[in-house]
Structures are given as C-alpha cells and as structure tokens.
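start-v6.json (JSON, C-alpha atoms)
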[["chain", "number", "residue", "atom", "x", "y", "z"],
["A", 292, "GLU", "CA", 6.89, 7.92, -17.49],
["A", 293, "ALA", "CA", 7.21, 5.26, -14.80],
["A", 294, "GLN", "CA", 3.85, 3.71, -14.17],
["A", 295, "VAL", "CA", 1.75, 0.73, -13.22],
["A", 296, "THR", "CA", -1.39, 0.23, -15.25],
["A", 297, "GLN", "CA", -4.43, -1.86, -14.43],
["A", 298, "ASN", "CA", -7.44, -2.84, -16.48],
["A", 299, "PRO", "CA", -10.31, -2.63, -16.19],
["A", 300, "ARG", "CA", -10.73, 0.27, -13.76],
["A", 301, "TYR", "CA", -14.31, -0.65, -12.94],
["A", 302, "LEU", "CA", -16.00, -4.03, -13.23],
["A", 303, "ILE", "CA", -19.44, -5.33, -12.32],
["A", 304, "THR", "CA", -19.90, -9.08, -12.62],
["A", 305, "VAL", "CA", -22.02, -11.91, -11.27],
["A", 306, "THR", "CA", -21.14, -14.71, -8.92],
["A", 307, "GLY", "CA", -19.19, -17.51, -10.57],
["A", 308, "LYS", "CA", -18.21, -15.74, -13.79],
["A", 309, "LYS", "CA", -14.44, -15.96, -14.21],
["A", 310, "LEU", "CA", -12.60, -12.69, -14.61],
["A", 311, "THR", "CA", -9.06, -11.40, -15.03],
["A", 312, "VAL", "CA", -7.65, -8.06, -13.97],
["A", 313, "THR", "CA", -4.49, -7.16, -15.84],
["A", 314, "CYS", "CA", -1.48, -5.34, -14.39],
["A", 315, "SER", "CA", 1.57, -4.08, -16.23],
["A", 316, "GLN", "CA", 4.63, -2.07, -15.15],
["A", 317, "ASN", "CA", 7.23, -0.34, -17.29],
["A", 318, "MET", "CA", 10.02, -0.01, -14.72],
["A", 319, "ASN", "CA", 11.61, -3.46, -15.13],
["A", 320, "HIS", "CA", 10.76, -4.18, -11.49],
["A", 321, "GLU", "CA", 11.25, -7.68, -10.14],
["A", 322, "TYR", "CA", 8.71, -7.50, -7.33],
["A", 323, "MET", "CA", 4.99, -7.22, -7.99],
["A", 324, "SER", "CA", 2.00, -7.54, -5.68],
["A", 325, "TRP", "CA", -1.76, -7.51, -5.62],
["A", 326, "TYR", "CA", -3.67, -5.91, -2.75],
["A", 327, "ARG", "CA", -7.28, -5.49, -1.85],
["A", 328, "GLN", "CA", -8.49, -2.52, 0.15],
["A", 329, "ASP", "CA", -11.64, -2.61, 2.24],
["A", 330, "PRO", "CA", -12.97, 0.10, 4.59],
["A", 331, "GLY", "CA", -11.34, -0.05, 8.00],
["A", 332, "LEU", "CA", -9.04, -2.92, 7.01],
["A", 333, "GLY", "CA", -6.39, -1.16, 5.02],
["A", 334, "LEU", "CA", -4.40, -2.76, 2.24],
["A", 335, "ARG", "CA", -4.10, -6.51, 2.46],
["A", 336, "GLN", "CA", -1.72, -8.41, 0.22],
["A", 337, "ILE", "CA", -3.30, -11.15, -1.90],
["A", 338, "TYR", "CA", -0.31, -12.54, -3.81],
["A", 339, "TYR", "CA", 3.17, -11.38, -4.63],
["A", 340, "SER", "CA", 5.88, -12.27, -7.09],
["A", 341, "MET", "CA", 9.62, -11.86, -6.71],
["A", 342, "ASN", "CA", 10.42, -12.64, -10.34],
["A", 343, "VAL", "CA", 9.19, -14.41, -13.45],
["A", 344, "GLU", "CA", 7.56, -17.73, -12.54],
["A", 345, "VAL", "CA", 8.06, -17.04, -8.80],
["A", 346, "THR", "CA", 4.86, -16.28, -6.90],
["A", 347, "ASP", "CA", 3.71, -16.73, -3.32],
["A", 348, "LYS", "CA", 0.65, -16.21, -1.20],
["A", 349, "GLY", "CA", 0.07, -13.02, 0.71],
["A", 350, "ASP", "CA", -2.32, -12.63, 3.63],
["A", 351, "VAL", "CA", -5.63, -13.20, 1.82],
["A", 352, "PRO", "CA", -5.02, -15.51, -1.18],
["A", 353, "GLU", "CA", -8.21, -17.60, -1.03],
["A", 354, "GLY", "CA", -10.29, -17.36, -4.20],
["A", 355, "TYR", "CA", -7.53, -15.76, -6.27],
["A", 356, "LYS", "CA", -4.87, -16.93, -8.70],
["A", 357, "VAL", "CA", -1.93, -15.14, -10.29],
["A", 358, "SER", "CA", 0.71, -15.83, -12.90],
["A", 359, "ARG", "CA", 4.02, -14.19, -13.82],
["A", 360, "LYS", "CA", 5.02, -15.34, -17.27],
["A", 361, "GLU", "CA", 6.68, -12.05, -18.18],
["A", 362, "LYS", "CA", 8.47, -9.59, -15.97],
["A", 363, "ARG", "CA", 6.18, -6.67, -16.77],
["A", 364, "ASN", "CA", 2.79, -8.40, -16.36],
["A", 365, "PHE", "CA", 1.10, -9.84, -13.29],
["A", 366, "PRO", "CA", -2.59, -10.65, -13.90],
["A", 367, "LEU", "CA", -5.02, -11.42, -11.08],
["A", 368, "ILE", "CA", -7.55, -14.15, -11.81],
["A", 369, "LEU", "CA", -10.81, -14.79, -10.00],
["A", 370, "GLU", "CA", -11.93, -18.22, -11.17],
["A", 371, "SER", "CA", -15.33, -18.09, -9.46],
["A", 372, "PRO", "CA", -15.95, -14.65, -7.97],
["A", 373, "SER", "CA", -18.16, -14.32, -4.92],
["A", 374, "PRO", "CA", -19.78, -11.22, -3.36],
["A", 375, "ASN", "CA", -17.16, -11.13, -0.58],
["A", 376, "GLN", "CA", -14.57, -10.34, -3.25],
["A", 377, "THR", "CA", -16.26, -7.02, -3.90],
["A", 378, "SER", "CA", -13.44, -4.60, -3.17],
["A", 379, "LEU", "CA", -10.93, -2.09, -4.49],
["A", 380, "TYR", "CA", -7.89, -3.85, -5.94],
["A", 381, "PHE", "CA", -4.42, -2.43, -6.42],
["A", 382, "CYS", "CA", -1.43, -3.79, -8.27],
["A", 383, "ALA", "CA", 2.01, -2.59, -7.17],
["A", 384, "SER", "CA", 5.61, -3.07, -8.18],
["A", 385, "ARG", "CA", 9.00, -2.38, -6.63],
["A", 386, "GLY", "CA", 12.58, -2.87, -7.65],
["A", 387, "ALA", "CA", 13.65, -4.73, -4.53],
["A", 388, "ALA", "CA", 12.47, -5.50, -1.02],
["A", 389, "GLY", "CA", 12.44, -2.36, 1.07],
["A", 390, "GLU", "CA", 12.24, 0.01, -1.87],
["A", 391, "THR", "CA", 9.26, 2.18, -2.56],
["A", 392, "GLN", "CA", 6.25, 0.57, -4.13],
["A", 393, "TYR", "CA", 4.54, 2.08, -7.14],
["A", 394, "PHE", "CA", 0.81, 1.48, -7.16],
["A", 395, "GLY", "CA", -1.59, 1.25, -10.05],
["A", 396, "PRO", "CA", -4.76, 3.38, -10.19],
["A", 397, "GLY", "CA", -6.97, 0.64, -8.77],
["A", 398, "THR", "CA", -9.77, -1.61, -10.02],
["A", 399, "ARG", "CA", -13.13, -1.32, -8.34],
["A", 400, "LEU", "CA", -14.90, -4.69, -8.50],
["A", 401, "LEU", "CA", -18.52, -5.39, -7.66],
["A", 402, "VAL", "CA", -19.65, -9.02, -7.57],
["A", 403, "LEU", "CA", -23.44, -9.45, -7.55],
["B", 83, "SER", "CA", -0.59, -11.19, 17.33],
["B", 84, "GLN", "CA", 1.10, -8.75, 14.99],
["B", 85, "LYS", "CA", -0.63, -5.40, 14.60],
["B", 86, "ILE", "CA", -0.17, -2.01, 13.04],
["B", 87, "GLU", "CA", -2.34, 0.77, 14.39],
["B", 88, "GLN", "CA", -3.08, 4.15, 12.96],
["B", 89, "ASN", "CA", -5.63, 6.49, 14.43],
["B", 90, "SER", "CA", -8.88, 5.60, 12.72],
["B", 91, "GLU", "CA", -10.45, 8.94, 13.58],
["B", 92, "ALA", "CA", -9.92, 11.75, 11.12],
["B", 93, "LEU", "CA", -7.48, 14.47, 12.11],
["B", 94, "ASN", "CA", -8.83, 17.95, 11.55],
["B", 95, "ILE", "CA", -6.42, 20.88, 11.72],
["B", 96, "GLN", "CA", -6.23, 24.49, 10.68],
["B", 97, "GLU", "CA", -4.20, 25.57, 7.68],
["B", 98, "GLY", "CA", -0.65, 26.56, 8.65],
["B", 99, "LYS", "CA", -0.50, 24.27, 11.70],
["B", 100, "THR", "CA", 1.61, 21.14, 11.98],
["B", 101, "ALA", "CA", -0.19, 17.83, 11.48],
["B", 102, "THR", "CA", 1.16, 14.85, 13.40],
["B", 103, "LEU", "CA", 0.05, 11.32, 12.54],
["B", 104, "THR", "CA", 0.94, 8.21, 14.51],
["B", 105, "CYS", "CA", 1.78, 4.67, 13.50],
["B", 106, "ASN", "CA", 2.18, 2.10, 16.29],
["B", 107, "TYR", "CA", 3.11, -1.53, 15.82],
["B", 108, "THR", "CA", 3.48, -4.62, 17.96],
["B", 109, "ASN", "CA", 5.38, -7.86, 17.51],
["B", 110, "TYR", "CA", 7.27, -6.74, 14.43],
["B", 111, "SER", "CA", 10.94, -6.04, 13.90],
["B", 112, "PRO", "CA", 10.72, -3.79, 10.86],
["B", 113, "ALA", "CA", 13.75, -3.11, 8.72],
["B", 114, "TYR", "CA", 11.97, -0.20, 7.01],
["B", 115, "LEU", "CA", 8.94, 1.91, 7.54],
["B", 116, "GLN", "CA", 7.27, 3.85, 4.76],
["B", 117, "TRP", "CA", 4.59, 6.50, 4.60],
["B", 118, "TYR", "CA", 2.19, 6.85, 1.70],
["B", 119, "ARG", "CA", -0.47, 9.35, 0.74],
["B", 120, "GLN", "CA", -3.77, 8.13, -0.72],
["B", 121, "ASP", "CA", -6.44, 10.31, -2.29],
["B", 122, "PRO", "CA", -10.01, 8.96, -2.62],
["B", 123, "GLY", "CA", -10.33, 6.30, -5.32],
["B", 124, "ARG", "CA", -6.63, 6.42, -6.18],
["B", 125, "GLY", "CA", -3.57, 4.29, -5.50],
["B", 126, "PRO", "CA", -1.22, 5.14, -2.64],
["B", 127, "VAL", "CA", 1.72, 7.38, -3.50],
["B", 128, "PHE", "CA", 5.07, 6.96, -1.74],
["B", 129, "LEU", "CA", 6.24, 9.85, 0.45],
["B", 130, "LEU", "CA", 9.11, 8.80, 2.73],
["B", 131, "LEU", "CA", 11.07, 5.74, 3.79],
["B", 132, "ILE", "CA", 12.98, 5.44, 7.07],
["B", 133, "ARG", "CA", 15.26, 2.57, 8.04],
["B", 134, "GLU", "CA", 15.50, 0.91, 11.44],
["B", 135, "ASN", "CA", 18.85, 2.55, 12.19],
["B", 136, "GLU", "CA", 17.57, 6.05, 11.36],
["B", 137, "LYS", "CA", 15.81, 8.24, 13.90],
["B", 138, "GLU", "CA", 14.49, 10.93, 11.60],
["B", 139, "LYS", "CA", 14.01, 11.68, 7.91],
["B", 140, "ARG", "CA", 12.93, 14.92, 6.26],
["B", 141, "LYS", "CA", 11.65, 15.92, 2.86],
["B", 142, "GLU", "CA", 10.50, 19.48, 2.33],
["B", 143, "ARG", "CA", 7.58, 20.02, 4.76],
["B", 144, "LEU", "CA", 7.49, 16.36, 5.77],
["B", 145, "LYS", "CA", 9.29, 14.74, 8.68],
["B", 146, "VAL", "CA", 9.19, 11.13, 9.85],
["B", 147, "THR", "CA", 10.56, 9.75, 13.10],
["B", 148, "PHE", "CA", 11.09, 6.11, 13.93],
["B", 149, "ASP", "CA", 11.45, 4.86, 17.51],
["B", 150, "THR", "CA", 12.05, 1.10, 17.55],
["B", 151, "THR", "CA", 12.00, 1.08, 21.36],
["B", 152, "LEU", "CA", 8.54, 2.60, 21.54],
["B", 153, "LYS", "CA", 7.56, 0.75, 18.33],
["B", 154, "GLN", "CA", 6.22, 3.95, 16.90],
["B", 155, "SER", "CA", 6.61, 6.25, 13.93],
["B", 156, "LEU", "CA", 5.40, 9.83, 13.80],
["B", 157, "PHE", "CA", 4.66, 11.62, 10.54],
["B", 158, "HIS", "CA", 4.65, 15.42, 10.59],
["B", 159, "ILE", "CA", 3.47, 17.88, 7.98],
["B", 160, "THR", "CA", 4.52, 21.42, 8.82],
["B", 161, "ALA", "CA", 2.75, 24.53, 7.52],
["B", 162, "SER", "CA", -0.13, 22.33, 6.41],
["B", 163, "GLN", "CA", -2.27, 23.30, 3.44],
["B", 164, "PRO", "CA", -5.77, 22.22, 2.33],
["B", 165, "ALA", "CA", -4.04, 20.33, -0.51],
["B", 166, "ASP", "CA", -2.46, 18.07, 2.14],
["B", 167, "SER", "CA", -5.93, 16.67, 2.92],
["B", 168, "ALA", "CA", -5.79, 12.94, 2.20],
["B", 169, "THR", "CA", -5.43, 9.58, 3.92],
["B", 170, "TYR", "CA", -1.93, 8.70, 5.06],
["B", 171, "LEU", "CA", -0.80, 5.10, 5.32],
["B", 172, "CYS", "CA", 2.18, 3.65, 7.11],
["B", 173, "ALA", "CA", 3.74, 0.38, 5.98],
["B", 174, "LEU", "CA", 6.31, -1.86, 7.60],
["B", 175, "ASP", "CA", 8.84, -4.02, 5.81],
["B", 176, "VAL", "CA", 10.22, -6.78, 7.95],
["B", 177, "SER", "CA", 13.78, -7.87, 7.34],
["B", 178, "GLY", "CA", 14.56, -10.96, 5.27],
["B", 179, "GLY", "CA", 14.09, -9.70, 1.76],
["B", 180, "TYR", "CA", 10.51, -10.82, 1.44],
["B", 181, "ASN", "CA", 8.07, -8.72, -0.51],
["B", 182, "LYS", "CA", 5.40, -8.60, 2.19],
["B", 183, "PRO", "CA", 5.00, -5.08, 3.51],
["B", 184, "ILE", "CA", 2.30, -4.70, 6.13],
["B", 185, "PHE", "CA", 0.03, -1.69, 5.83],
["B", 186, "GLY", "CA", -1.90, 0.19, 8.47],
["B", 187, "ALA", "CA", -5.52, 1.15, 7.77],
["B", 188, "GLY", "CA", -4.58, 4.81, 7.41],
["B", 189, "THR", "CA", -5.51, 8.10, 9.02],
["B", 190, "ARG", "CA", -7.56, 10.69, 7.19],
["B", 191, "LEU", "CA", -6.23, 14.24, 7.47],
["B", 192, "ALA", "CA", -8.44, 17.25, 6.76],
["B", 193, "VAL", "CA", -6.77, 20.68, 6.64],
["B", 194, "HIS", "CA", -9.26, 23.53, 6.89],
["B", 195, "PRO", "CA", -8.64, 27.02, 5.46]]
Mind turning the file's structure into structure tokens?
Amino acid sequence: EAQVTQNPRYLITVTGKKLTVTCSQNMNHEYMSWYRQDPGLGLRQIYYSMNVEVTDKGDVPEGYKVSRKEKRNFPLILESPSPNQTSLYFCASRGAAGETQYFGPGTRLLVL
Amino acid sequence: SQKIEQNSEALNIQEGKTATLTCNYTNYSPAYLQWYRQDPGRGPVFLLLIRENEKEKRKERLKVTFDTTLKQSLFHITASQPADSATYLCALDVSGGYNKPIFGAGTRLAVHP
C-alpha cells in the first residue's frame, strides 16, 4: 500500500529540547515536503526536497532543519523548539512537480 | 501580494443538494490547481487536479472548473451526503517545476441529513 508515515504522531516537549520527527514514503517519490498547519492559516511549507541531498526552504523555514540522505526518508529537526512551533505537522511526497501529493497522518506537537 | 482565498465560513447544506466551494487567487499564474479533502486530525487526501488549459474536470460526483481569466476555481459536489462533510483545500502549483504548491486555508463543508 502506497503511504507516507510519520513518527511520532503526538509529542509534548519543553522549550529548547531538540527533537526529530521522522517521515518515510514507500512510493519512490523524488519530491518530499514538510508543512505546518495552524488554524486560519492553512498549510504552509517549511522545507522541501527535490531529490537526495537536494533541499530548499519553503515559506516558513526559521527554526527548522531537514536532511535527505536517502530517497525514502525526510526527517524534520527542531534544534531548539519554541512555543510558537506548537502546531500540526504534515510530511508529503509526490512523484514530480504538479502531480498529486500524498500526505502523512500528521504529527501534533506541543512545545511548553 | 500573492493570495489564495477560500471562504472561511463553513458551508452548510442539505443532503442531496449540490455544494459549491470557491477558490480565488491573485498574482499567481498557476500551471495546476488541485483540490484536497481533509478530515479533522488527518492529512489531506487528493481529489482532483485541473491544468491551466482545462476548463472543467469531473470525477464521479465531483466537478472542478478553472477560470484563469477570473482567477477562480469552483469545486462542486452533486447529490451531497453527510459523509462528504469535511474541510476542502485548494492548492496552486505555479509553473517552473518547483515543488512549492500554495494552499488555501480551506472551507469546511457540513452536509445535514
């Protein structure tokens, strides 16, 4: 079954404690993205990757890092989380620009 | 500035009626426009894609129109059912091959029996 998986699904942490949210896809897609979703603001892209070792900033990259060492994995790293990073995060993948995106189930993060 | 607007107010309709949702944009030249469905606490699920040179696309009870002159897309669900209740998102892909689709904030649809 084609899918995008994320872990963990729920996370409560404290300010400044580094965390990583993993993302994996089994569709051999080249494009992967991270989004955050906040009420009234819709989905905003944090970072995206067009292939292994190729990443670029989205609209709201501050405070986040990513890496793409393997085609299937695209982890999101928060080096020093702050309360304004409390949000619902989605990983997504697509085969090429313009094609449909497949979204993961989401990670709900609370930073105290 | 570039903007995508979807009606932020929930759309309430009676079962069996046609639901029409609107997506307006400014200052974009989209190559594609996509519609997604999102249920609470879940990731968006792709429904339909329409290209800039297409006026209309259909899939079962769903229909999407794309008017690049008006800078507007309409999303229709005919013979709506309570199971269609969800938030619907539109997303634009600008041309150039970049992986940066722009999403609207979504419109919540509630279909009442």
Which of B:Lys153, B:Lys182, B:Arg133, B:Lys139 sits closest to Val351 of chain A [using all atoms listed in the file]
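Looking at the shortest contact to Val351 of chain A, the residue is B:Lys182.
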Contact residues around Arg300 of chain A with only C-alpha atoms at 10 Å, ignoring same-chain residues under 2 positions, as number ranges by chain
A: 296-298, 302, 312-313, 379-380, 395-400
For the residues selected in the previous step, produce a file with C-alpha atoms as a tab-separated table (two decimals), in the coordinates of the input.
chain	number	residue	atom	x	y	z
A	296	THR	CA	-1.39	0.23	-15.25
A	297	GLN	CA	-4.43	-1.86	-14.43
A	298	ASN	CA	-7.44	-2.84	-16.48
A	302	LEU	CA	-16.00	-4.03	-13.23
A	312	VAL	CA	-7.65	-8.06	-13.97
A	313	THR	CA	-4.49	-7.16	-15.84
A	379	LEU	CA	-10.93	-2.09	-4.49
A	380	TYR	CA	-7.89	-3.85	-5.94
A	395	GLY	CA	-1.59	1.25	-10.05
A	396	PRO	CA	-4.76	3.38	-10.19
A	397	GLY	CA	-6.97	0.64	-8.77
A	398	THR	CA	-9.77	-1.61	-10.02
A	399	ARG	CA	-13.13	-1.32	-8.34
A	400	LEU	CA	-14.90	-4.69	-8.50
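Of the residues listed (B:Tyr110, B:Phe128, B:Trp117, B:Tyr170), B:Phe128 shows the shortest atom-to-atom separation from chain A; distances use only C-alpha atoms.
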Proximity to chain A - best of B:Ala165, B:Ile86, B:Cys172, B:Val127, only C-alpha atoms
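Closest to chain A, using only C-alpha atoms: B:Val127.
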For Ser384 of chain A, work out the shell of residues within 10 Å, counting only C-alpha atoms and skipping chain neighbours fewer than 2 positions away, then give it as a PDB file with C-alpha atoms, keeping the file's coordinate frame.
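Written file, out-v7.pdb:
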ATOM      1  CA  GLN A 294       3.850   3.710 -14.170  1.00  0.00           C
ATOM      2  CA  VAL A 295       1.750   0.730 -13.220  1.00  0.00           C
ATOM      3  CA  CYS A 314      -1.480  -5.340 -14.390  1.00  0.00           C
ATOM      4  CA  SER A 315       1.570  -4.080 -16.230  1.00  0.00           C
ATOM      5  CA  GLN A 316       4.630  -2.070 -15.150  1.00  0.00           C
ATOM      6  CA  ASN A 317       7.230  -0.340 -17.290  1.00  0.00           C
ATOM      7  CA  MET A 318      10.020  -0.010 -14.720  1.00  0.00           C
ATOM      8  CA  ASN A 319      11.610  -3.460 -15.130  1.00  0.00           C
ATOM      9  CA  HIS A 320      10.760  -4.180 -11.490  1.00  0.00           C
ATOM     10  CA  GLU A 321      11.250  -7.680 -10.140  1.00  0.00           C
ATOM     11  CA  TYR A 322       8.710  -7.500  -7.330  1.00  0.00           C
ATOM     12  CA  MET A 323       4.990  -7.220  -7.990  1.00  0.00           C
ATOM     13  CA  SER A 324       2.000  -7.540  -5.680  1.00  0.00           C
ATOM     14  CA  TRP A 325      -1.760  -7.510  -5.620  1.00  0.00           C
ATOM     15  CA  TYR A 339       3.170 -11.380  -4.630  1.00  0.00           C
ATOM     16  CA  SER A 340       5.880 -12.270  -7.090  1.00  0.00           C
ATOM     17  CA  MET A 341       9.620 -11.860  -6.710  1.00  0.00           C
ATOM     18  CA  ARG A 363       6.180  -6.670 -16.770  1.00  0.00           C
ATOM     19  CA  PHE A 365       1.100  -9.840 -13.290  1.00  0.00           C
ATOM     20  CA  CYS A 382      -1.430  -3.790  -8.270  1.00  0.00           C
ATOM     21  CA  GLY A 386      12.580  -2.870  -7.650  1.00  0.00           C
ATOM     22  CA  ALA A 387      13.650  -4.730  -4.530  1.00  0.00           C
ATOM     23  CA  GLU A 390      12.240   0.010  -1.870  1.00  0.00           C
ATOM     24  CA  THR A 391       9.260   2.180  -2.560  1.00  0.00           C
ATOM     25  CA  GLN A 392       6.250   0.570  -4.130  1.00  0.00           C
ATOM     26  CA  TYR A 393       4.540   2.080  -7.140  1.00  0.00           C
ATOM     27  CA  PHE A 394       0.810   1.480  -7.160  1.00  0.00           C
ATOM     28  CA  GLY A 395      -1.590   1.250 -10.050  1.00  0.00           C
TER      29      GLY A 395
ATOM     30  CA  ASN B 181       8.070  -8.720  -0.510  1.00  0.00           C
TER      31      ASN B 181
END
Fewer than 2 positions away in the same chain doesn't count, so skip those; otherwise give me all residues within 6 Å of Glu87 of chain B, counting only C-alpha atoms, as a PyMOL selection string.
chain B and resi 105-106+186
Compute the set of chain B residues within 10 Å of chain A, using all atoms listed in the file, and express it as a PDB file with C-alpha atoms, in the frame of the given file.
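New file result22.pdb:
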ATOM      1  CA  SER B  90      -8.880   5.600  12.720  1.00  0.00           C
ATOM      2  CA  ALA B 113      13.750  -3.110   8.720  1.00  0.00           C
ATOM      3  CA  TYR B 114      11.970  -0.200   7.010  1.00  0.00           C
ATOM      4  CA  LEU B 115       8.940   1.910   7.540  1.00  0.00           C
ATOM      5  CA  GLN B 116       7.270   3.850   4.760  1.00  0.00           C
ATOM      6  CA  TRP B 117       4.590   6.500   4.600  1.00  0.00           C
ATOM      7  CA  TYR B 118       2.190   6.850   1.700  1.00  0.00           C
ATOM      8  CA  GLY B 123     -10.330   6.300  -5.320  1.00  0.00           C
ATOM      9  CA  ARG B 124      -6.630   6.420  -6.180  1.00  0.00           C
ATOM     10  CA  GLY B 125      -3.570   4.290  -5.500  1.00  0.00           C
ATOM     11  CA  PRO B 126      -1.220   5.140  -2.640  1.00  0.00           C
ATOM     12  CA  VAL B 127       1.720   7.380  -3.500  1.00  0.00           C
ATOM     13  CA  PHE B 128       5.070   6.960  -1.740  1.00  0.00           C
ATOM     14  CA  LEU B 129       6.240   9.850   0.450  1.00  0.00           C
ATOM     15  CA  LEU B 130       9.110   8.800   2.730  1.00  0.00           C
ATOM     16  CA  LEU B 131      11.070   5.740   3.790  1.00  0.00           C
ATOM     17  CA  ILE B 132      12.980   5.440   7.070  1.00  0.00           C
ATOM     18  CA  ARG B 133      15.260   2.570   8.040  1.00  0.00           C
ATOM     19  CA  LEU B 171      -0.800   5.100   5.320  1.00  0.00           C
ATOM     20  CA  ALA B 173       3.740   0.380   5.980  1.00  0.00           C
ATOM     21  CA  LEU B 174       6.310  -1.860   7.600  1.00  0.00           C
ATOM     22  CA  ASP B 175       8.840  -4.020   5.810  1.00  0.00           C
ATOM     23  CA  VAL B 176      10.220  -6.780   7.950  1.00  0.00           C
ATOM     24  CA  SER B 177      13.780  -7.870   7.340  1.00  0.00           C
ATOM     25  CA  GLY B 178      14.560 -10.960   5.270  1.00  0.00           C
ATOM     26  CA  GLY B 179      14.090  -9.700   1.760  1.00  0.00           C
ATOM     27  CA  TYR B 180      10.510 -10.820   1.440  1.00  0.00           C
ATOM     28  CA  ASN B 181       8.070  -8.720  -0.510  1.00  0.00           C
ATOM     29  CA  LYS B 182       5.400  -8.600   2.190  1.00  0.00           C
ATOM     30  CA  PRO B 183       5.000  -5.080   3.510  1.00  0.00           C
ATOM     31  CA  ILE B 184       2.300  -4.700   6.130  1.00  0.00           C
ATOM     32  CA  PHE B 185       0.030  -1.690   5.830  1.00  0.00           C
ATOM     33  CA  GLY B 186      -1.900   0.190   8.470  1.00  0.00           C
ATOM     34  CA  ALA B 187      -5.520   1.150   7.770  1.00  0.00           C
ATOM     35  CA  GLY B 188      -4.580   4.810   7.410  1.00  0.00           C
TER      36      GLY B 188
END
With distances taken over all atoms listed in the file, which of B:Thr150, B:Ser167, B:Gly98, B:Thr108 is nearest to Thr189 of chain B?
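Looking only at the distances to Thr189 of chain B, the closest residue turns out to be B:Ser167.
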Gap from atom CA of Ser378 of chain A to atom CA of Leu403 of chain A - Å, one decimal:
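Going from atom CA of Ser378 of chain A over to atom CA of Leu403 of chain A, I get 11.9 Å.
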Between atom CA of Ala293 of chain A and atom CA of Val343 of chain A lies a distance of 19.8 Å
With a distance cut-off of 10 Å and all atoms listed in the file, select the neighbouring residues of Pro195 of chain B, excluding the residue or stretch itself and same-chain residues fewer than 3 positions from it, and output the selection as a count of residues only.
8
Every residue with an atom at most 9 Å from (-3.5, -18.6, -6.3) (file coordinates; all atoms listed in the file) is what I'm after, so could you write them as an MDAnalysis selection string?
chainID A and resid 337:338 346:348 352:358 367:368
Can you tell me, as a compact mmCIF listing (two decimals) with C-alpha atoms, keeping the file's coordinate frame, what residues are no more than 8 Å from Ile159 of chain B when counting only C-alpha atoms, ignoring any on the same chain fewer than 4 positions away?
# COMPACT_ATOMS: atom_id res chain seq x y z
CA THR B 100 1.61 21.14 11.98
CA ALA B 101 -0.19 17.83 11.48
CA THR B 102 1.16 14.85 13.40
CA ARG B 143 7.58 20.02 4.76
CA LEU B 144 7.49 16.36 5.77
CA LYS B 145 9.29 14.74 8.68
Work out how far apart atom CA of Leu156 of chain B and atom CA of Thr104 of chain B are and give it in Å to one decimal.
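Going from atom CA of Leu156 of chain B over to atom CA of Thr104 of chain B, I get 4.8 Å.
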Nearest residue to Lys85 of chain B out of B:Leu103, B:Ser111, B:Glu134, B:Thr160, using all atoms listed in the file?
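Smallest separation from Lys85 of chain B among the options: B:Ser111.
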